[in-house]
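Asks: The structure that follows is given in the form of structure tokens.
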Amino acid sequence: MKKIGIASDHGGFELKEYLRKELGNGIEIVDYGTKDETSVDYPEVIGNACKKVISGEVEGLIALCGTGIGASIAANRMKGIRAALCHDEFTAEMSRRHNNSNVLVLGGRILGKELAIRIAQKWLSTSFEGGRHERRVGQLETLS
Ligand code: RB5
């Protein structure tokens, strides 16, 4: 991916800022907030950022909250979003190869900074395999 968004609530703010500064190598990162550690509601900030993926303004999104759970639930309620809450590189890789995830969710209060960078880099550099996975990903859009 070449152009992605990044967004968090207050619980993910510190890790968001770290990733935003450290991930810049070869990709454009659009920051959709939040701007500081003042308490905000994750459904609003993550929902608004997911709209930018759906509209095509960015190819994908890294979304963070404290645990990653709220951000994950919020993102996956939005049509067209396939959000993967990942705690390791393998699941990040497989979420791209098999699920064509377009949102990577990380827990700001769960992950160390170096692991978070490795997970994000793996996610950004892995492509969707297509094939039989295309059919399954397509079926996701029929669920309600
Ligand atoms: C905020 O305190 C916290 O609830 C939020 O960041 C997230 O972890 C929710 O799932």
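Labeling convention for the structure tokens: chains A, B, ... as they appear, residues from 1 per chain, ligands from 1 in order of appearance.
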At a cut-off of 10 Å, using only C-alpha atoms, what residues contact segment 83-100 of chain A? Leave out same-chain residues fewer than 5 positions from it and give the result as a PyMOL selection string.
Replies: chain A and resi 50+60-64+67-69+71-78+105-107+110-111+115-134+136-138+140
Asks: Using DSSP on the backbone coordinates, identify the residues of segment 11-72 of chain A assigned to helix (DSSP H, G or I); present them as a PyMOL selection string.
Replies: chain A and resi 11-22+42-55+69-72
Asks: Any chance you can output those residues with C-alpha atoms as a PDB file, in the first residue's frame?
Replies:
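Result file part.pdb:
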```pdb
ATOM      1  CA  GLY A  11      -6.142   5.021  24.221  1.00  0.00           C
ATOM      2  CA  GLY A  12      -4.234   4.507  20.996  1.00  0.00           C
ATOM      3  CA  PHE A  13      -2.895   8.030  20.614  1.00  0.00           C
ATOM      4  CA  GLU A  14       0.668   7.458  21.813  1.00  0.00           C
ATOM      5  CA  LEU A  15       1.226   4.427  19.566  1.00  0.00           C
ATOM      6  CA  LYS A  16      -0.497   6.180  16.647  1.00  0.00           C
ATOM      7  CA  GLU A  17       1.934   9.059  16.912  1.00  0.00           C
ATOM      8  CA  TYR A  18       4.888   6.684  17.028  1.00  0.00           C
ATOM      9  CA  LEU A  19       3.706   4.738  13.978  1.00  0.00           C
ATOM     10  CA  ARG A  20       2.864   7.903  12.056  1.00  0.00           C
ATOM     11  CA  LYS A  21       6.411   9.188  12.517  1.00  0.00           C
ATOM     12  CA  GLU A  22       8.259   5.885  12.056  1.00  0.00           C
ATOM     13  CA  TYR A  42     -13.761   5.474  19.351  1.00  0.00           C
ATOM     14  CA  PRO A  43     -16.915   4.764  17.271  1.00  0.00           C
ATOM     15  CA  GLU A  44     -16.868   8.337  16.001  1.00  0.00           C
ATOM     16  CA  VAL A  45     -13.176   8.750  15.212  1.00  0.00           C
ATOM     17  CA  ILE A  46     -12.694   5.272  13.770  1.00  0.00           C
ATOM     18  CA  GLY A  47     -15.998   5.373  11.896  1.00  0.00           C
ATOM     19  CA  ASN A  48     -15.080   8.667  10.258  1.00  0.00           C
ATOM     20  CA  ALA A  49     -11.647   7.363   9.264  1.00  0.00           C
ATOM     21  CA  CYS A  50     -13.161   4.186   7.787  1.00  0.00           C
ATOM     22  CA  LYS A  51     -15.274   6.370   5.495  1.00  0.00           C
ATOM     23  CA  LYS A  52     -12.008   7.500   3.872  1.00  0.00           C
ATOM     24  CA  VAL A  53     -11.175   3.890   3.010  1.00  0.00           C
ATOM     25  CA  ILE A  54     -14.661   3.279   1.641  1.00  0.00           C
ATOM     26  CA  SER A  55     -14.492   6.437  -0.511  1.00  0.00           C
ATOM     27  CA  ILE A  69     -11.373  -4.205  20.451  1.00  0.00           C
ATOM     28  CA  GLY A  70     -13.615  -1.144  20.258  1.00  0.00           C
ATOM     29  CA  ALA A  71     -11.904   0.086  17.092  1.00  0.00           C
ATOM     30  CA  SER A  72     -12.267  -3.373  15.575  1.00  0.00           C
TER      31      SER A  72
END
```
Asks: Neighbours of Glu141 of chain A within 10 Å (only C-alpha atoms; same-chain residues fewer than 2 positions away dropped), as a ChimeraX atom specification?
Replies: /A:79-82,136-139,143-144
Asks: Using the selection just defined, write its residues with C-alpha atoms as a PDB file, in the first residue's frame.
Replies:
```pdb
ATOM      1  CA  LYS A  79     -19.980  -1.887   4.840  1.00  0.00           C
ATOM      2  CA  GLY A  80     -16.885  -2.566   2.771  1.00  0.00           C
ATOM      3  CA  ILE A  81     -14.524  -2.614   5.732  1.00  0.00           C
ATOM      4  CA  ARG A  82     -12.582  -5.742   6.633  1.00  0.00           C
ATOM      5  CA  ARG A 136     -15.031 -15.813   0.301  1.00  0.00           C
ATOM      6  CA  VAL A 137     -14.268 -12.140   0.667  1.00  0.00           C
ATOM      7  CA  GLY A 138     -17.112 -11.425  -1.753  1.00  0.00           C
ATOM      8  CA  GLN A 139     -19.473 -13.474   0.405  1.00  0.00           C
ATOM      9  CA  LEU A 143     -23.882 -10.876   5.187  1.00  0.00           C
ATOM     10  CA  SER A 144     -26.186  -8.626   7.162  1.00  0.00           C
TER      11      SER A 144
END
```
Asks: Have a look at A:Glu59, A:Lys35, A:Ile6, A:Ile27 and name the one nearest to Ser101 of chain A; count only C-alpha atoms.
Replies: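 Closest to Ser101 of chain A of all the choices is A:Glu59.
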Asks: Go through A:Gly26, A:Gly56, A:Gly5, A:Gly108 and flag the residue nearest ligand 1, using only C-alpha atoms and all ligand atoms for the distances.
Replies: A:Gly108
Asks: Determine which residues of segment 12-129 of chain A DSSP labels as strand (DSSP E) from the backbone of this structure, then write them out as a list of chain:residue names.
Replies: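 The strand (DSSP E) subset of segment 12-129 of chain A is A:Glu28, A:Ile29, A:Val30, A:Asp31, A:Gly60, A:Leu61, A:Ile62, A:Ala63, A:Leu64, A:Cys65, A:Ala83, A:Ala84, A:Leu85, A:Val103, A:Leu104, A:Val105, A:Leu106, A:Gly107.
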Asks: Restricting it to N, CA and C atoms, dump the selection as a PDB file, in the first residue's frame.
Replies:
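Output file again_38.pdb follows:
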```
ATOM      1  N   GLU A  28       2.621   7.326   1.993  1.00  0.00           N
ATOM      2  CA  GLU A  28       1.999   8.563   2.471  1.00  0.00           C
ATOM      3  C   GLU A  28       1.000   8.188   3.561  1.00  0.00           C
ATOM      4  N   ILE A  29       1.085   8.881   4.683  1.00  0.00           N
ATOM      5  CA  ILE A  29       0.181   8.575   5.789  1.00  0.00           C
ATOM      6  C   ILE A  29      -0.668   9.803   6.101  1.00  0.00           C
ATOM      7  N   VAL A  30      -1.978   9.624   6.047  1.00  0.00           N
ATOM      8  CA  VAL A  30      -2.910  10.709   6.358  1.00  0.00           C
ATOM      9  C   VAL A  30      -3.428  10.493   7.779  1.00  0.00           C
ATOM     10  N   ASP A  31      -3.249  11.500   8.618  1.00  0.00           N
ATOM     11  CA  ASP A  31      -3.648  11.396  10.022  1.00  0.00           C
ATOM     12  C   ASP A  31      -5.087  11.892  10.203  1.00  0.00           C
ATOM     13  N   GLY A  60      -5.940   2.018   2.658  1.00  0.00           N
ATOM     14  CA  GLY A  60      -6.153   1.252   3.874  1.00  0.00           C
ATOM     15  C   GLY A  60      -6.005   2.163   5.075  1.00  0.00           C
ATOM     16  N   LEU A  61      -6.228   1.577   6.252  1.00  0.00           N
ATOM     17  CA  LEU A  61      -6.222   2.375   7.480  1.00  0.00           C
ATOM     18  C   LEU A  61      -5.595   1.561   8.607  1.00  0.00           C
ATOM     19  N   ILE A  62      -4.771   2.225   9.398  1.00  0.00           N
ATOM     20  CA  ILE A  62      -4.346   1.642  10.668  1.00  0.00           C
ATOM     21  C   ILE A  62      -5.170   2.327  11.749  1.00  0.00           C
ATOM     22  N   ALA A  63      -5.930   1.530  12.504  1.00  0.00           N
ATOM     23  CA  ALA A  63      -6.848   2.054  13.514  1.00  0.00           C
ATOM     24  C   ALA A  63      -6.428   1.547  14.890  1.00  0.00           C
ATOM     25  N   LEU A  64      -6.440   2.430  15.849  1.00  0.00           N
ATOM     26  CA  LEU A  64      -6.002   2.047  17.200  1.00  0.00           C
ATOM     27  C   LEU A  64      -6.978   2.565  18.255  1.00  0.00           C
ATOM     28  N   CYS A  65      -7.142   1.755  19.307  1.00  0.00           N
ATOM     29  CA  CYS A  65      -7.722   2.234  20.551  1.00  0.00           C
ATOM     30  C   CYS A  65      -6.911   1.540  21.648  1.00  0.00           C
ATOM     31  N   ALA A  83     -11.764  -5.335   8.861  1.00  0.00           N
ATOM     32  CA  ALA A  83     -10.775  -4.906   9.852  1.00  0.00           C
ATOM     33  C   ALA A  83     -10.213  -6.120  10.592  1.00  0.00           C
ATOM     34  N   ALA A  84      -8.902  -6.157  10.728  1.00  0.00           N
ATOM     35  CA  ALA A  84      -8.226  -7.269  11.392  1.00  0.00           C
ATOM     36  C   ALA A  84      -7.481  -6.750  12.620  1.00  0.00           C
ATOM     37  N   LEU A  85      -7.909  -7.237  13.783  1.00  0.00           N
ATOM     38  CA  LEU A  85      -7.214  -6.902  15.029  1.00  0.00           C
ATOM     39  C   LEU A  85      -6.054  -7.878  15.187  1.00  0.00           C
ATOM     40  N   VAL A 103      -8.328  -2.642   6.897  1.00  0.00           N
ATOM     41  CA  VAL A 103      -8.029  -1.912   8.133  1.00  0.00           C
ATOM     42  C   VAL A 103      -7.234  -2.838   9.055  1.00  0.00           C
ATOM     43  N   LEU A 104      -6.083  -2.358   9.488  1.00  0.00           N
ATOM     44  CA  LEU A 104      -5.293  -3.053  10.507  1.00  0.00           C
ATOM     45  C   LEU A 104      -5.594  -2.390  11.842  1.00  0.00           C
ATOM     46  N   VAL A 105      -6.031  -3.190  12.812  1.00  0.00           N
ATOM     47  CA  VAL A 105      -6.340  -2.632  14.126  1.00  0.00           C
ATOM     48  C   VAL A 105      -5.286  -3.091  15.129  1.00  0.00           C
ATOM     49  N   LEU A 106      -4.809  -2.145  15.915  1.00  0.00           N
ATOM     50  CA  LEU A 106      -3.786  -2.421  16.926  1.00  0.00           C
ATOM     51  C   LEU A 106      -4.239  -1.878  18.282  1.00  0.00           C
ATOM     52  N   GLY A 107      -3.831  -2.564  19.336  1.00  0.00           N
ATOM     53  CA  GLY A 107      -4.138  -2.121  20.694  1.00  0.00           C
ATOM     54  C   GLY A 107      -2.998  -1.282  21.247  1.00  0.00           C
TER      55      GLY A 107
END
```
